[in-house]
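Remarks on the structure that follows.
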Amino acid sequence: MQAVFFVNFGGLGAITESADEITDMAGTFSAFKFDLKGANSLEQSINSSQEAGTTFFEQTLSLNLPKLSKEDMVQFKLISYGRPHCVIVDNNGNAFLAGKEHGLTVSGGSITTGAAFGDMSGTTLTLSGQEKLPANFIAGATAANPFAGMSSATATIVVGTNS
């Protein structure tokens, strides 16, 4: 994964879709961007019950965010208390919206300062959520700005200090 963008729940405004791809968002929002390297993942498990006739998708986002800063700590605290929408840009340049209807909540993580020179100083976060559908592709997205193709969205991108 190349980057993750956190947007406060409900901030994306009305979302327009076509063929399971997001084609527009009507909100005015700030997106907090964190560049990713190494072991980061979005896993979407399909959960179906033949008896109940239901299917949902469990979305689990696992992040390793190196470098500690007081500015990032404020954002991680707010993310932990909220349930943000998360836009993930994968290594192929695809952008996905996870937590579209219900948001994702922090289900675990840690703030670490390593003991040895080679140890990570940073934050690990695990966010999870349950949605009716898997994370949607976002049309016209770029790695630098996954909201670039959204004509109605007014996105301010705030870059984290972990780069």
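Convention: chains lettered A, B, ... in structure tokens order; per-chain residue numbering from 1; ligands numbered from 1 as shown.
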Worksheet entry | strand (DSSP E) residues, from DSSP on the backbone, in chain A, as JSON, numbers by chain | {"A": [3, 4, 5, 6, 7, 15, 16, 17, 18, 21, 22, 23, 24, 25, 28, 29, 30, 31, 32, 33, 34, 35, 41, 42, 43, 44, 45, 46, 47, 48, 49, 54, 55, 56, 57, 58, 59, 60, 61, 62, 63, 64, 65, 66, 85, 86, 87, 88, 89, 95, 96, 97, 98, 105, 106, 107, 108, 109, 110, 111, 112, 122, 123, 124, 125, 126, 127, 128, 129, 130, 131, 136, 137, 138, 154, 155, 156, 157, 158, 159]}
Discussion item. Going by DSSP on the backbone, which residues of chain A come out as alpha helix (DSSP H)? List them as a ChimeraX atom specification.
Written reply: /A:70-81
Response to the item:
re CA of Met73 (chain A) and CA of Gly109 (chain A): distance 12.8 Å
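Among A:Glu51, A:Glu131, A:Asp24, A:Glu43, the residue with the shortest atom-to-atom distance to Ile88 (chain A), counting only C-alpha atoms, is A:Glu43.
Closest approach to Asn92 (chain A) among A:Leu127, A:Ala135, A:Ala141, A:Ala39 is made by A:Ala141 (distances from only C-alpha atoms).
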Practice prompt. For Glu101 (chain A), list every protein, DNA or RNA residue within 12 Å, evaluated using only C-alpha atoms, and leave out those in the same chain fewer than 3 positions away; present the list as a ChimeraX atom specification.
Written response: /A:9-15,57,83-86,97-98,104,129-136
Would you save the residues of that selection, restricted to N, CA and C atoms, as an mmCIF file, in the first residue's frame?
```cif
data_model
loop_
_atom_site.group_PDB
_atom_site.id
_atom_site.type_symbol
_atom_site.label_atom_id
_atom_site.label_comp_id
_atom_site.auth_asym_id
_atom_site.auth_seq_id
_atom_site.Cartn_x
_atom_site.Cartn_y
_atom_site.Cartn_z
ATOM 1 N N PHE A 9 -16.023 10.747 9.756
ATOM 2 C CA PHE A 9 -17.241 10.060 9.351
ATOM 3 C C PHE A 9 -18.306 11.075 8.937
ATOM 4 N N GLY A 10 -18.923 10.834 7.787
ATOM 5 C CA GLY A 10 -19.975 11.702 7.272
ATOM 6 C C GLY A 10 -19.469 12.873 6.462
ATOM 7 N N GLY A 11 -18.162 13.099 6.444
ATOM 8 C CA GLY A 11 -17.604 14.261 5.763
ATOM 9 C C GLY A 11 -17.566 14.169 4.250
ATOM 10 N N LEU A 12 -17.693 12.967 3.709
ATOM 11 C CA LEU A 12 -17.599 12.804 2.257
ATOM 12 C C LEU A 12 -18.821 13.329 1.527
ATOM 13 N N GLY A 13 -19.911 13.581 2.246
ATOM 14 C CA GLY A 13 -21.140 14.057 1.611
ATOM 15 C C GLY A 13 -21.815 12.949 0.827
ATOM 16 N N ALA A 14 -22.686 13.335 -0.090
ATOM 17 C CA ALA A 14 -23.384 12.357 -0.931
ATOM 18 C C ALA A 14 -22.376 11.692 -1.863
ATOM 19 N N ILE A 15 -22.433 10.389 -1.923
ATOM 20 C CA ILE A 15 -21.508 9.609 -2.754
ATOM 21 C C ILE A 15 -22.278 9.062 -3.942
ATOM 22 N N PHE A 57 -19.357 -7.812 4.641
ATOM 23 C CA PHE A 57 -17.918 -7.816 4.445
ATOM 24 C C PHE A 57 -17.236 -7.189 5.656
ATOM 25 N N ARG A 83 -14.772 7.163 14.040
ATOM 26 C CA ARG A 83 -14.954 6.040 13.102
ATOM 27 C C ARG A 83 -14.841 6.607 11.691
ATOM 28 N N PRO A 84 -13.609 6.854 11.269
ATOM 29 C CA PRO A 84 -13.395 7.527 9.989
ATOM 30 C C PRO A 84 -13.710 6.653 8.780
ATOM 31 N N HIS A 85 -13.915 7.337 7.657
ATOM 32 C CA HIS A 85 -13.862 6.690 6.353
ATOM 33 C C HIS A 85 -12.372 6.613 6.025
ATOM 34 N N CYS A 86 -11.943 5.540 5.380
ATOM 35 C CA CYS A 86 -10.530 5.396 5.019
ATOM 36 C C CYS A 86 -10.411 5.157 3.520
ATOM 37 N N LEU A 97 -12.405 2.972 -1.077
ATOM 38 C CA LEU A 97 -13.037 3.592 0.082
ATOM 39 C C LEU A 97 -13.537 2.490 1.012
ATOM 40 N N ALA A 98 -12.912 2.383 2.180
ATOM 41 C CA ALA A 98 -13.334 1.423 3.202
ATOM 42 C C ALA A 98 -14.138 2.172 4.267
ATOM 43 N N LEU A 104 -14.849 3.020 9.933
ATOM 44 C CA LEU A 104 -14.002 2.002 10.555
ATOM 45 C C LEU A 104 -13.661 2.459 11.964
ATOM 46 N N GLY A 129 -14.308 -2.728 10.353
ATOM 47 C CA GLY A 129 -15.691 -2.329 10.161
ATOM 48 C C GLY A 129 -16.442 -3.379 9.375
ATOM 49 N N GLN A 130 -17.741 -3.270 9.408
ATOM 50 C CA GLN A 130 -18.600 -4.188 8.673
ATOM 51 C C GLN A 130 -19.452 -3.384 7.705
ATOM 52 N N GLU A 131 -19.435 -3.818 6.452
ATOM 53 C CA GLU A 131 -20.154 -3.123 5.385
ATOM 54 C C GLU A 131 -20.968 -4.123 4.572
ATOM 55 N N LYS A 132 -22.014 -3.629 3.910
ATOM 56 C CA LYS A 132 -22.847 -4.466 3.048
ATOM 57 C C LYS A 132 -22.084 -4.910 1.804
ATOM 58 N N LEU A 133 -21.152 -4.061 1.345
ATOM 59 C CA LEU A 133 -20.402 -4.316 0.112
ATOM 60 C C LEU A 133 -18.906 -4.165 0.375
ATOM 61 N N PRO A 134 -18.066 -4.790 -0.461
ATOM 62 C CA PRO A 134 -16.629 -4.577 -0.295
ATOM 63 C C PRO A 134 -16.256 -3.121 -0.615
ATOM 64 N N ALA A 135 -15.060 -2.730 -0.230
ATOM 65 C CA ALA A 135 -14.584 -1.368 -0.479
ATOM 66 C C ALA A 135 -14.651 -1.057 -1.969
ATOM 67 N N ASN A 136 -15.227 0.109 -2.286
ATOM 68 C CA ASN A 136 -15.398 0.514 -3.681
ATOM 69 C C ASN A 136 -14.124 1.116 -4.251
#
```
Discussion item. Env of region 26-36 of chain A: 7 Å cut, atoms = only C-alpha atoms, seq-sep filter 3 positions within chain, self excluded. Answer as number ranges by chain.
Written reply: A: 1-7, 11-15, 65, 152-160, 162-163
Fill in: Surrounding residues of Leu63 (chain A) excluding itself and chain neighbours under 3 positions, 8 Å, only C-alpha atoms, as a ChimeraX atom specification
/A:36,39-41,124-126
Discussion item. Just to confirm, what's the straight-line distance from CA of Lys100 (chain A) to CA of Ala148 (chain A) in Å (one decimal)?
Written reply: 17.9 Å
Fill in: Ala143 (chain A) surroundings by only C-alpha atoms, 7 Å radius, close-in-sequence under 3 positions cut, as a ChimeraX atom specification
/A:89,93,146
With N, CA, C and O atoms kept, could you save the residues just selected as a compact mmCIF listing (two decimals), in the first residue's frame?
```txt
# COMPACT_ATOMS: atom_id res chain seq x y z
N VAL A 89 -4.76 3.70 -0.94
CA VAL A 89 -4.15 3.62 -2.26
C VAL A 89 -3.18 2.45 -2.23
O VAL A 89 -2.23 2.44 -1.44
N GLY A 93 -1.72 1.62 -7.54
CA GLY A 93 -2.30 2.93 -7.81
C GLY A 93 -3.81 2.97 -7.72
O GLY A 93 -4.42 4.00 -8.01
N PRO A 146 -6.46 10.92 -4.18
CA PRO A 146 -7.50 9.99 -4.63
C PRO A 146 -8.85 10.67 -4.88
O PRO A 146 -9.76 10.05 -5.40
```
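For the choices A:Ala19, A:Met25, A:Leu42, A:Met150, the atom-to-atom distance to Asn91 (chain A) is smallest for A:Leu42 when using only C-alpha atoms.
Residue nearest Val87 (chain A) within the list A:Asn145, A:Gln44, A:Ser151, A:Thr23: A:Asn145 [criterion: smallest interatomic distance, only C-alpha atoms].
Of the listed residues (A:Gln50, A:Thr16, A:Gln75, A:Ser107), A:Ser107 comes nearest to Ser62 (chain A); the distances count only C-alpha atoms.
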Response to the item:
Atom pair CA of Thr55 (chain A) + CA of Gly108 (chain A), distance 24.8 Å
